[in-house]
Each structure stands twice: as structure tokens, then as C-alpha cells.
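Engineer: What follows is the file protein-v7.txt, containing compact mmCIF, C-alpha atoms (C1' of nucleotides):
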```txt
# COMPACT_ATOMS: atom_id res chain seq x y z
CA MET A 25 19.51 9.36 6.13
CA LYS A 26 17.80 6.07 5.35
CA VAL A 27 14.13 6.33 4.33
CA ALA A 28 11.75 3.41 3.82
CA SER A 29 8.15 2.74 2.85
CA PHE A 30 6.03 -0.35 3.57
CA ASN A 31 2.35 -1.09 2.96
CA VAL A 32 1.72 -3.35 5.96
CA ASN A 33 -1.94 -4.29 5.40
CA SER A 34 -2.73 -4.01 9.14
CA ILE A 35 -0.07 -2.78 11.57
CA ARG A 36 -1.44 -5.01 14.31
CA ALA A 37 -1.25 -8.20 12.24
CA ARG A 38 2.24 -7.24 11.02
CA LEU A 39 3.69 -5.67 14.18
CA ASN A 40 6.41 -8.26 14.87
CA ILE A 41 7.59 -8.17 11.26
CA VAL A 42 7.79 -4.37 11.29
CA ILE A 43 9.59 -4.19 14.66
CA ASP A 44 12.07 -6.91 13.64
CA TRP A 45 12.66 -5.12 10.35
CA LEU A 46 13.31 -1.80 12.16
CA LYS A 47 15.89 -3.52 14.38
CA LYS A 48 17.57 -5.20 11.43
CA GLU A 49 17.56 -2.28 8.98
CA SER A 50 17.61 0.67 11.39
CA PRO A 51 16.07 3.23 8.99
CA ASP A 52 15.84 6.85 10.10
CA VAL A 53 12.30 7.05 8.72
CA LEU A 54 9.78 4.31 7.97
CA CYS A 55 6.49 5.30 6.33
CA LEU A 56 3.60 2.86 6.68
CA GLN A 57 0.36 2.54 4.73
CA GLU A 58 -2.82 0.54 5.29
CA THR A 59 -2.30 0.43 9.04
CA LYS A 60 -6.03 -0.42 9.43
CA ALA A 61 -6.17 0.80 13.02
CA THR A 62 -7.83 3.72 14.76
CA ASP A 63 -5.45 6.10 16.54
CA ALA A 64 -6.53 4.57 19.86
CA ASP A 65 -5.58 1.10 18.58
CA PHE A 66 -2.22 2.05 17.05
CA PRO A 67 0.58 0.13 18.84
CA VAL A 68 2.68 3.20 19.76
CA ALA A 69 4.41 1.56 22.73
CA ALA A 70 6.07 -1.13 20.60
CA PHE A 71 7.73 1.57 18.47
CA GLU A 72 8.78 3.69 21.43
CA GLU A 73 10.33 0.64 23.10
CA THR A 74 12.36 0.15 19.92
CA GLY A 75 13.64 3.73 20.13
CA TYR A 76 11.35 5.30 17.53
CA HIS A 77 8.77 8.05 17.46
CA ALA A 78 5.45 7.25 15.81
CA VAL A 79 2.89 9.65 14.36
CA PHE A 80 -0.20 8.27 12.66
CA ARG A 81 -3.72 8.83 11.49
CA GLY A 82 -6.04 5.90 11.05
CA GLU A 83 -9.61 4.71 11.01
CA LYS A 84 -11.48 1.49 11.58
CA SER A 85 -10.87 -1.30 9.01
CA TYR A 86 -9.52 0.74 6.11
CA ASN A 87 -6.61 2.98 5.09
CA GLY A 88 -4.36 4.53 7.75
CA VAL A 89 -0.86 6.01 7.45
CA ALA A 90 2.02 6.41 9.91
CA VAL A 91 5.53 7.80 10.07
CA ILE A 92 8.04 6.03 12.31
CA SER A 93 11.27 7.97 12.92
CA LYS A 94 14.37 8.14 15.10
CA GLU A 95 14.29 11.94 15.29
CA THR A 96 11.27 13.81 16.62
CA PRO A 97 8.99 14.60 13.67
CA GLU A 98 8.00 18.27 13.26
CA ASN A 99 5.18 20.04 11.38
CA ILE A 100 2.95 16.97 11.55
CA ARG A 101 0.03 17.43 9.17
CA THR A 102 -2.55 14.93 8.01
CA GLY A 103 -4.66 15.32 4.91
CA PHE A 104 -4.62 17.79 2.06
CA ASP A 105 -5.63 20.90 3.98
CA GLU A 106 -6.35 22.50 7.37
CA ASN A 107 -9.51 20.40 7.64
CA GLY A 108 -7.39 17.26 7.43
CA SER A 109 -9.30 16.09 4.37
CA ASP A 110 -8.33 12.47 3.53
CA GLY A 111 -6.02 12.40 6.53
CA THR A 112 -5.96 8.62 6.71
CA ARG A 113 -4.27 8.58 3.30
CA LEU A 114 -1.79 11.45 3.62
CA ILE A 115 0.56 12.36 6.46
CA ALA A 116 3.38 14.87 6.17
CA VAL A 117 6.20 15.51 8.64
CA THR A 118 9.57 17.26 8.73
CA ILE A 119 12.52 15.17 9.90
CA ASN A 120 16.09 16.51 10.10
CA LYS A 121 14.73 19.59 8.28
CA ILE A 122 13.57 17.42 5.35
CA PRO A 123 9.84 17.37 4.56
CA VAL A 124 8.51 13.84 4.05
CA VAL A 125 5.07 13.22 2.53
CA ASN A 126 3.66 9.73 2.98
CA THR A 127 0.62 8.74 0.90
CA TYR A 128 -1.66 5.78 0.43
CA VAL A 129 -3.13 6.55 -3.00
CA PRO A 130 -6.63 5.08 -3.57
CA GLN A 131 -6.41 1.70 -5.30
CA GLY A 132 -9.20 2.58 -7.75
CA SER A 133 -10.97 -0.79 -7.91
CA HIS A 134 -11.54 -1.01 -11.70
CA PRO A 135 -11.04 1.47 -14.59
CA LEU A 136 -14.80 1.48 -15.26
CA SER A 137 -15.75 2.23 -11.66
CA ILE A 138 -16.43 5.56 -9.97
CA LYS A 139 -13.49 4.79 -7.71
CA PHE A 140 -11.15 5.00 -10.68
CA LYS A 141 -12.30 8.58 -11.38
CA GLU A 142 -11.80 9.34 -7.70
CA LYS A 143 -8.28 7.94 -7.87
CA LEU A 144 -7.42 10.23 -10.80
CA GLU A 145 -8.96 13.20 -8.97
CA TRP A 146 -6.98 12.26 -5.87
CA LEU A 147 -3.71 12.36 -7.84
CA GLN A 148 -4.75 15.73 -9.28
CA ARG A 149 -5.42 16.99 -5.76
CA LEU A 150 -2.04 15.73 -4.66
CA HIS A 151 -0.38 17.60 -7.53
CA GLU A 152 -2.08 20.80 -6.35
CA TYR A 153 -1.06 20.00 -2.76
CA PHE A 154 2.62 19.76 -3.76
CA ASN A 155 2.33 22.93 -5.81
CA ARG A 156 0.72 24.81 -2.94
CA ASN A 157 3.00 23.66 -0.11
CA PHE A 158 6.43 22.91 -1.60
CA LYS A 159 8.96 24.03 -4.17
CA PRO A 160 10.67 21.62 -6.58
CA ASP A 161 14.06 23.29 -6.06
CA LYS A 162 13.92 22.56 -2.31
CA PRO A 163 14.39 19.17 -0.61
CA LEU A 164 11.24 17.05 -0.43
CA ILE A 165 10.63 13.31 -0.21
CA TRP A 166 7.39 11.69 -1.37
CA VAL A 167 6.95 8.04 -0.50
CA GLY A 168 4.20 5.50 -0.18
CA ASP A 169 1.92 3.09 -1.94
CA PHE A 170 1.10 5.05 -5.11
CA ASN A 171 -0.99 2.14 -6.44
CA VAL A 172 0.46 2.80 -9.89
CA ALA A 173 3.26 0.99 -11.71
CA PRO A 174 4.70 3.85 -13.81
CA GLU A 175 6.48 2.05 -16.65
CA ALA A 176 6.47 -1.18 -18.64
CA ILE A 177 9.48 -2.48 -16.68
CA ASP A 178 7.44 -2.11 -13.48
CA VAL A 179 4.98 -4.93 -14.26
CA HIS A 180 5.51 -8.56 -15.23
CA ASP A 181 3.33 -8.46 -18.37
CA PRO A 182 2.96 -4.87 -19.64
CA ARG A 183 1.14 -5.84 -22.86
CA ARG A 184 -1.57 -7.76 -21.05
CA LEU A 185 -1.81 -5.39 -18.09
CA LEU A 186 -1.98 -2.09 -19.98
CA GLY A 187 -5.37 -0.56 -19.18
CA GLU A 188 -5.83 -2.52 -15.95
CA ILE A 189 -6.07 -0.84 -12.59
CA GLY A 190 -2.58 0.24 -11.49
CA PHE A 191 -1.20 0.24 -15.04
CA HIS A 192 -3.59 2.49 -16.92
CA PRO A 193 -2.63 5.32 -19.34
CA GLU A 194 -4.68 7.86 -17.37
CA GLU A 195 -2.91 6.90 -14.16
CA HIS A 196 0.42 7.17 -15.97
CA ALA A 197 -0.51 10.64 -17.21
CA ALA A 198 -1.58 11.78 -13.72
CA LEU A 199 1.63 10.50 -12.16
CA LYS A 200 3.77 11.96 -14.95
CA LYS A 201 2.26 15.39 -14.30
CA ILE A 202 3.35 15.16 -10.68
CA MET A 203 6.81 13.97 -11.72
CA GLN A 204 7.11 16.90 -14.12
CA TRP A 205 6.33 19.26 -11.27
CA GLY A 206 9.74 18.25 -9.95
CA PHE A 207 10.24 14.68 -8.73
CA VAL A 208 12.84 12.03 -9.48
CA ASP A 209 12.04 8.32 -9.03
CA VAL A 210 14.89 7.58 -6.63
CA PHE A 211 14.55 3.79 -6.80
CA ARG A 212 14.66 3.78 -10.62
CA MET A 213 17.61 6.18 -10.62
CA HIS A 214 19.71 3.52 -8.87
CA GLN A 215 18.06 0.35 -10.19
CA PRO A 216 17.60 0.34 -13.97
CA GLU A 217 16.78 -3.37 -14.34
CA ALA A 218 13.22 -4.54 -15.00
CA GLY A 219 11.41 -7.03 -12.81
CA GLN A 220 11.91 -5.49 -9.39
CA TYR A 221 8.58 -5.43 -7.63
CA THR A 222 7.11 -4.30 -4.31
CA PHE A 223 3.74 -6.04 -4.63
CA TYR A 224 2.64 -9.61 -5.35
CA ASP A 225 -1.07 -10.40 -5.26
CA TYR A 226 -1.48 -13.22 -2.77
CA ARG A 227 -4.61 -14.42 -4.49
CA ALA A 228 -2.40 -15.64 -7.31
CA LYS A 229 -0.67 -18.95 -6.66
CA ASN A 230 3.14 -18.87 -6.42
CA ALA A 231 3.16 -15.20 -7.45
CA ILE A 232 6.65 -14.59 -6.11
CA LYS A 233 8.12 -17.70 -7.71
CA ARG A 234 6.38 -16.84 -11.00
CA LYS A 235 7.55 -13.22 -10.60
CA THR A 236 4.05 -11.84 -11.31
CA GLY A 237 4.70 -8.63 -9.41
CA TRP A 238 4.15 -4.89 -9.65
CA ARG A 239 6.29 -1.92 -8.56
CA VAL A 240 3.60 0.27 -7.00
CA ASP A 241 5.42 1.45 -3.86
CA HIS A 242 7.79 4.33 -4.44
CA ILE A 243 10.37 6.75 -3.09
CA TRP A 244 10.48 9.98 -5.05
CA ALA A 245 12.46 13.11 -4.23
CA THR A 246 12.90 16.59 -5.62
CA ARG A 247 16.11 17.05 -7.62
CA PRO A 248 18.33 18.65 -4.95
CA LEU A 249 17.63 15.68 -2.69
CA ALA A 250 17.68 12.98 -5.39
CA GLU A 251 21.19 14.16 -6.23
CA LYS A 252 22.18 13.22 -2.70
CA SER A 253 20.72 9.71 -2.87
CA VAL A 254 23.37 7.00 -2.79
CA ARG A 255 21.38 3.78 -3.17
CA ALA A 256 17.90 2.29 -3.21
CA TRP A 257 16.51 -1.23 -3.03
CA ILE A 258 13.49 -3.43 -2.42
CA ASP A 259 13.83 -5.71 0.60
CA MET A 260 12.25 -9.12 0.02
CA ALA A 261 13.43 -10.52 3.38
CA PRO A 262 10.18 -9.93 5.32
CA ARG A 263 8.45 -12.36 2.97
CA LEU A 264 10.48 -15.16 4.50
CA LEU A 265 8.92 -14.49 7.88
CA GLU A 266 5.58 -15.51 9.27
CA ARG A 267 2.52 -13.55 8.03
CA PRO A 268 4.00 -11.71 5.05
CA SER A 269 2.21 -8.69 3.66
CA ASP A 270 1.50 -8.69 -0.06
CA HIS A 271 3.76 -5.62 -0.26
CA THR A 272 7.42 -5.45 0.71
CA PRO A 273 9.58 -2.57 2.02
CA ILE A 274 11.38 -0.20 -0.35
CA VAL A 275 14.40 1.71 0.96
CA ALA A 276 16.56 4.65 -0.15
CA GLU A 277 19.65 6.18 1.40
CA PHE A 278 20.59 9.85 1.17
CA LYS A 279 23.92 11.44 2.01
CA ILE A 280 22.45 14.04 4.39
CA GLY A 281 21.85 14.54 8.10
CA PRO A 282 22.72 11.72 10.50
C1' DA B 14 -6.63 -20.90 -16.46
C1' DT B 15 -10.99 -15.17 -15.59
C1' DG B 16 -9.93 -18.18 -9.88
C1' DG B 17 -7.35 -17.29 -5.98
C1' DT B 18 -6.34 -15.11 -0.21
C1' DC B 19 -5.81 -12.03 3.31
C1' DG B 20 -7.42 -8.51 7.24
C1' DG B 21 -10.92 -6.50 9.76
C1' DC B 22 -14.77 -7.65 11.86
C1' DA B 23 -18.82 -9.85 12.22
C1' DA B 24 -21.63 -9.62 6.59
C1' DC B 25 -19.12 -8.73 3.33
C1' DC B 26 -15.80 -4.89 1.61
C1' DG B 27 -11.39 -3.65 -0.09
C1' DA B 28 -7.16 -5.04 -2.08
```
With the file now loaded, output its structure as C-alpha cells.

Structural biologist:
Amino acid sequence: MKVASFNVNSIRARLNIVIDWLKKESPDVLCLQETKATDADFPVAAFEETGYHAVFRGEKSYNGVAVISKETPENIRTGFDENGSDGTRLIAVTINKIPVVNTYVPQGSHPLSIKFKEKLEWLQRLHEYFNRNFKPDKPLIWVGDFNVAPEAIDVHDPRRLLGEIGFHPEEHAALKKIMQWGFVDVFRMHQPEAGQYTFYDYRAKNAIKRKTGWRVDHIWATRPLAEKSVRAWIDMAPRLLERPSDHTPIVAEFKIGP
DNA sequence: ATGGTCGGCAACCGA
């Protein structure tokens, strides 16, 4: 089973890139973040024509998550609870009997802002959500834009960036707590080298050439599933196409199911 | 070097 995650920064602006990428890479599951479309505006037909199912929860202008899959997704749930709280940032499905949780973690704006506190609380809530709904000794995949680079090798200048949004000790602590609940960073398990990034700020000139990136998009799995992962990589190819996103897809393959 | 550029959507917010 091949699982991928991609922050698209508008599914409508990026539709051709995503569809072409699906055809080229043929993942079993593709999780999207920042779709920036209401459910009525989500381009379902394009995915169905490509042979995929699409489930999604969006809103106008901001946020929005979707799961694109070859198999019919089951147990579709959006948000943290029965009320669907923060449903445009969290969508969970079961595919081939494997639960997949797709999140768009709040970016947090700036460490001194109220939004930073909200980001930390959001991660705490997510920890409780995993604890309430899943068990670390059972298969579970968590993917998405976590908006946190976990380690020094995940940013281009860790000394300068430490304490900035996305590379802050409190974010690291919050993420570490969730990892200690029972996750393995599947990408890092297969790719030990530094300097592999999923995000390049397009406000910065020549960011890709200068390698000023961040690894903030992730594929994590509980141990029984991580043990079945066979490879993982970041796909820079979409950047060569028209209208690149500032994020790029991350992919992992597991020796299970189809 | 303390800016820069996207996307959505109609003035600026979020990233």
C-alpha cells in the first residue's frame, strides 16, 4: 500500500498537478491539506474520472482536508469528536482495514501570538484524540502537514531557526509527546540524511536552489505498521510543473494489502 | 539582506 501526503494550497489551483501526479505515481491513498474549497466546490469528478474515491471537508478560503483513495474509504469522520469540531483540519478514514488520520495542524503565526498557544493546544487535543480512539499496538497511519520540523536535520539553519514558528521547543515537546504515545516517523526511518524538505517558502528568492527548506509534512505510523514500511521519499517532481505549491508530496510504501 | 509571493476573493488574511 502506497500512502502519500500533499499540502496543495488550493485544490482548484493545483488540480492538474494533483491529477497528473496520481496518474504518474498511482498511490493507494493521497491525503491533501489546504484544499481551500467548500464541499460544494471540491472537484470530485476529476478524481472519480481518474479512478479514485474522494472524501473531503472544506470551507471558504482557508484550511480544508481530503482523502483520495483507490479503495472505498470506510468510517469517514471529520474533526476531533461527534460534533465534527475542527473538521476542516482533521479527516479520518479506514482503507484496506487500516485507519488513516489526515491533519492540517494550525500554522501558529508567531510564537508570541495567541495562535501559537492555540497550535500547542491543538496538538494536545490531537494527542488525546489518538489516545481515545486508537491503540499504539494496532495499525494506524497519521499523515499531513504537521507545521513542525521535528529535528535539527529537518531545517536548513537549525541554530538560527530555533524558537521560530515551526521549529520551536514547545512544538517539539508537543510532537514528541504524541510520538511517545506510539508513533514512528516512517520517512526518517528510511531516510537518515539531513536536508530533505517538503516545504520551501516561495517568498524567499531561489529557496529551492539555496536549499532553504523545512520538513514539516510527515508520514507517521504505529510500530506494527512502521515495521511493514519498505521505503519513503519526498517527490520534488511537481515543482517542475506549472503552478507549483510551496509544499511537495511525501510518500511511503507499506508491505500490506494490495 | 528583516523583504519577498501566492491563493482566495474582493480588502486584506493566512502561510

Engineer: Taking all atoms of segment 96-114 of chain A that appear in the file, build a box with edges along x, y and z, extend it by 4 Å on every side, and state its centre and edge lengths in Å to one decimal, as AutoDock Vina command-line options.

Structural biologist:
```
--center_x 0.9 --center_y 15.5 --center_z 9.3 --size_x 28.8 --size_y 21.9 --size_z 22.6
```

Engineer: Residues of chain A within 9 Å of chain B, counting only C-alpha atoms (C1' of nucleotides), what are they? List them as a list in words.

Structural biologist: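 Close to chain B, chain A has Asn33, Ser34, Ala37, Lys60, Lys84, Ser85, Tyr86, Gln131, Ser133, Asp225, Tyr226, Arg227, Ala228, Lys229, Ser269 and Asp270 of chain A.
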
Engineer: Counting all atoms listed in the file, which residue out of A:Phe30, A:Phe207, A:Phe170, A:Trp146 sits closest to Ala245 of chain A?

Structural biologist: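 Once distances to Ala245 of chain A are computed over all atoms listed in the file, the minimum belongs to A:Phe207.
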
Engineer: Figure out the distance between atom CA of Thr222 of chain A and atom CA of Val240 of chain A, please, to one decimal in Å.

Structural biologist: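 Computing it gives 6.4 Å between the two atoms.
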
Engineer: Taking 2 positions as the minimum chain separation for residues in the same chain, which residues sit within 12 Å of Val275 of chain A when counting only C-alpha atoms (C1' of nucleotides)? Answer as a VMD selection string.

Structural biologist: chain A and resid 25 to 30 45 to 46 49 to 55 167 to 168 210 to 212 214 to 215 222 241 to 244 253 to 260 272 to 273 277 to 278

Engineer: Expressed in Å to a single decimal, how great is the separation between atom CA of Tyr128 of chain A and atom CA of Asn171 of chain A?

Structural biologist: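 Atom CA of Tyr128 of chain A sits 7.8 Å away from atom CA of Asn171 of chain A.
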
Engineer: Determine, counting all atoms listed in the file, which protein, DNA and RNA residues have an atom within 8 Å of an atom of Leu56 of chain A; residues of the same chain fewer than 3 positions away are not included. Present the result as a PyMOL selection string.

Structural biologist: chain A and resi 29-32+59+89-92+126+168

Engineer: Between atom CA of Gln220 of chain A and atom CA of Trp238 of chain A, what is the distance, to one decimal in Å?

Structural biologist: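 According to the coordinates, atom CA of Gln220 of chain A and atom CA of Trp238 of chain A are separated by 7.8 Å.
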
Engineer: Using all atoms listed in the file, which protein or nucleic acid residues come within 8 Å of segment 102-116 of chain A? Drop anything in the same chain fewer than 6 positions from it, and give the result as a list in words.

Structural biologist: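 In the requested form, the answer reads Gln57, Phe80, Arg81, Gly82, Glu83, Asn87, Gly88, Val89, Ala90, Val91, Pro123, Val124, Val125, Asn126, Thr127, Tyr128, Val129, Arg149, Leu150 and Tyr153 of chain A.
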